[in-house]
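J.: Have a look at the structure that comes next, please.
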Amino acid sequence: MKNKTYLSAPGAAPSSAAGSPPEYGAGHPLRRVRAPLLPRIFTADSVQETLGLDFPHPSKPRVLLAASGSVAAIKFESLCRSFSEWAEVRAVATKASLHFIDRTSLPSNIILYTDDDEWSTWKKIGDEVLHIELRKWADIMVIAPLSANTLAKIAGGLCDNLLTCIVRAWDYSKPLFVAPAMNTFMWNNPFTSRHLETINLLGISLVPPITKRLACGDYGNGAMAEPSVIDSTVRLACKRQPLNTNSSLVIPAGRNLPSS
Ligand SMILES: Cc1cc2nc3c(=O)[nH]c(=O)nc-3n(C[C@H](O)[C@H](O)[C@H](O)COP(=O)(O)O)c2cc1C
C-alpha cells in the first residue's frame, strides 16, 4: 500500500533515518498521535490531533464504519469489534442510529464521530473539515446498517449530515460497501430497487439483506446481513484486490434487488 499524505504539511520537513518513518515534532499536523482510550468530544484543536496521524500509512487498512438509523444498529458494536481485529477503524453514526447504539459499549480504541463533531471541530476558515478529512483518511467505507432514508439520500446525492457528506465526497476508486436493513415493506417498495440501481452505477457494493423474523415481528427480507458475513465480505475484498486502485466491485449493488 503506498504512502499518502492527506494533509497539507506546513512547516519544515521531518527528520528521519533512512528506511524509518519520519518523526514530526509536537504540534506538527502530521504527528502521529495515539488514539484516546475513550470516546471523546472534539474541539477545533483536537481534530487536527486525531486526524493528523496519517503519515506514514499503517500496515492495517483504514476502515470507516458507519451506522444509520435502522434497528440493526444494535449490532454496530459487534461490527466494530470484528473489524478492529484486522483493520484500523473509525466510526460514524447518524443521529437516528444513536437510538440503537450504546456508545459506552464500543471498543475503547474506536473514535465515534457524530454530526455534532462536524461543527464542534470547525471554527474558522482554514480549519479542517471533518467529513473531508475522514474521506481522505479511509481506505474503505462500510455503511452497516444502511437505512432506507440514507440509501435514498445517497442515491439522490443529498448530504445533510456527517455520513452523507462523506459519501458525497467519496473517491470511488476506494471500496464503499453498504449493508441495508429495513422492514420487508420498505425493502419491497419500488424506491429501493431504483436507489440500489443508482448506487450500483456509482460503484457502491452491496452486502445483501437476509430473510428472517424481523425486530418488529414481521417475517421477510430486509434484515441486515450477519456482522460476520459483512466482516468477511469486506475482508475478502481487501485480500482480493489491492486497496486504492481502481477496483471493480465485489458484489454489484444491482444484485439481489428487491421484488418490485
Ligand atoms: C424503532 C424504529 C426502528 C426503525 N428501524 C428502521 C430500520 O430497520 N430500517 C430503516 O430503514 N429505517 C428504520 N427506522 C426509520 C429511521 O430511523 C428513519 O427513517 C430515520 O430518519 C433514519 O435516519 P438516518 O438515515 O439519518 O439514520 C426506524 C425507526 C424507528 C422509530
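Ligands are numbered from 1 in the order shown, residues from 1 within each chain, and chains are lettered A, B, ... in the order they appear in the C-alpha cells.
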As an MDAnalysis selection string, list the residues of region 64-212 of chain A assigned to alpha helix (DSSP H) by DSSP on the backbone atoms of this structure.
T.: chainID A and resid 76:83 115:120 130:137 148:156 162:168 184:187 190:202
J.: Quick one: residues within 8 Å of Arg90 (chain A), only C-alpha atoms counted, chain neighbours fewer than 6 positions away excluded, as a ChimeraX atom specification?
T.: /A:62-65,110-113
J.: Can you work out which one of A:Ser147, A:Ser108, A:Ser59, A:Ser70 has the shortest atom-to-atom distance to Trp86 (chain A), counting only C-alpha atoms?
T.: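 Residue with the minimum atom-to-atom distance to Trp86 (chain A): A:Ser59.
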J.: Collect all residues with atoms no farther than 9 Å from ligand 1, counting only C-alpha atoms and all ligand atoms, and output them as a PDB file with C-alpha atoms, in the first residue's frame.
T.:
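Result written to pocket_8.pdb:
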ATOM      1  CA  ALA A  67     -24.232   3.300  11.034  1.00  0.00           C
ATOM      2  CA  SER A  68     -27.574   4.792  10.039  1.00  0.00           C
ATOM      3  CA  GLY A  69     -30.918   4.636  11.788  1.00  0.00           C
ATOM      4  CA  SER A  70     -32.027   1.047  11.396  1.00  0.00           C
ATOM      5  CA  VAL A  71     -32.793  -1.096  14.413  1.00  0.00           C
ATOM      6  CA  ALA A  72     -29.920  -3.300  13.178  1.00  0.00           C
ATOM      7  CA  ALA A  73     -27.573  -0.633  14.533  1.00  0.00           C
ATOM      8  CA  ALA A  93     -23.139   7.402  13.387  1.00  0.00           C
ATOM      9  CA  THR A  94     -26.213   9.315  12.252  1.00  0.00           C
ATOM     10  CA  LYS A  95     -28.432  10.975  14.823  1.00  0.00           C
ATOM     11  CA  ALA A  96     -31.144   8.320  14.381  1.00  0.00           C
ATOM     12  CA  SER A  97     -28.685   5.440  14.749  1.00  0.00           C
ATOM     13  CA  LEU A  98     -27.668   6.700  18.184  1.00  0.00           C
ATOM     14  CA  HIS A  99     -31.056   5.496  19.477  1.00  0.00           C
ATOM     15  CA  PHE A 100     -29.787   1.955  18.904  1.00  0.00           C
ATOM     16  CA  PRO A 145     -26.726  -0.809   8.715  1.00  0.00           C
ATOM     17  CA  LEU A 146     -27.873   1.296   5.771  1.00  0.00           C
ATOM     18  CA  SER A 147     -31.343   2.705   6.427  1.00  0.00           C
ATOM     19  CA  ALA A 148     -33.914   3.294   3.680  1.00  0.00           C
ATOM     20  CA  ASN A 149     -33.564   7.010   4.346  1.00  0.00           C
ATOM     21  CA  THR A 150     -29.775   7.118   3.995  1.00  0.00           C
ATOM     22  CA  LEU A 151     -29.964   4.881   0.907  1.00  0.00           C
ATOM     23  CA  ALA A 152     -32.375   7.363  -0.675  1.00  0.00           C
ATOM     24  CA  LYS A 153     -30.185  10.305   0.271  1.00  0.00           C
ATOM     25  CA  ASP A 160     -27.191  16.895   5.173  1.00  0.00           C
ATOM     26  CA  ASN A 161     -25.221  15.046   7.854  1.00  0.00           C
ATOM     27  CA  LEU A 163     -22.294  10.320   6.979  1.00  0.00           C
ATOM     28  CA  THR A 164     -23.848  11.542   3.729  1.00  0.00           C
ATOM     29  CA  PRO A 180     -29.145  -2.352   4.022  1.00  0.00           C
ATOM     30  CA  ALA A 181     -31.520  -3.155   6.868  1.00  0.00           C
ATOM     31  CA  MET A 182     -35.184  -2.335   6.836  1.00  0.00           C
ATOM     32  CA  ASN A 183     -38.650  -3.775   7.194  1.00  0.00           C
ATOM     33  CA  MET A 186     -39.682  -0.846   2.881  1.00  0.00           C
ATOM     34  CA  TRP A 187     -37.333  -3.295   1.148  1.00  0.00           C
ATOM     35  CA  LEU A 214     -37.513  -9.018  11.897  1.00  0.00           C
ATOM     36  CA  ALA A 215     -37.252  -6.994  15.093  1.00  0.00           C
ATOM     37  CA  CYS A 216     -40.818  -5.744  14.566  1.00  0.00           C
ATOM     38  CA  GLY A 222     -34.719  -6.815   4.713  1.00  0.00           C
ATOM     39  CA  ALA A 223     -32.770  -7.852   7.806  1.00  0.00           C
ATOM     40  CA  MET A 224     -29.124  -6.779   7.805  1.00  0.00           C
TER      41      MET A 224
END
J.: Skip Ala179 (chain A) itself and residues of its chain fewer than 6 positions away, then list as an MDAnalysis selection string all residues within 9 Å of it, counting only C-alpha atoms.
T.: chainID A and resid 142:147 205:209 224:225 230
J.: Can you measure CA of Phe185 (chain A) to CA of Pro227 (chain A) for me? One decimal in Å is fine.
T.: 22.6 Å
J.: Compare A:Ile199, A:Asp116, A:Lys136, A:Ser193 by their minimum atom-to-atom distance to Gly157 (chain A), counting only C-alpha atoms, and give me the closest one.
T.: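 Smallest distance to Gly157 (chain A) is found for A:Ile199.
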J.: Between CA of Leu79 (chain A) and CA of Thr121 (chain A), what distance in Å does the model show, to one decimal?
T.: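 About the pair CA of Leu79 (chain A) and CA of Thr121 (chain A): they are 26.3 Å apart.
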J.: Separation of CA of Val92 (chain A) and CA of Asp127 (chain A), in Å?
T.: 20.0 Å
J.: Could you go through region 35-253 of chain A and tell me which residues DSSP, when run on the backbone, assigns to strand (DSSP E), listing them as a PyMOL selection string?
T.: chain A and resi 62-67+88-93+112-113+140-146+176-180+205-206+210-213+219-223
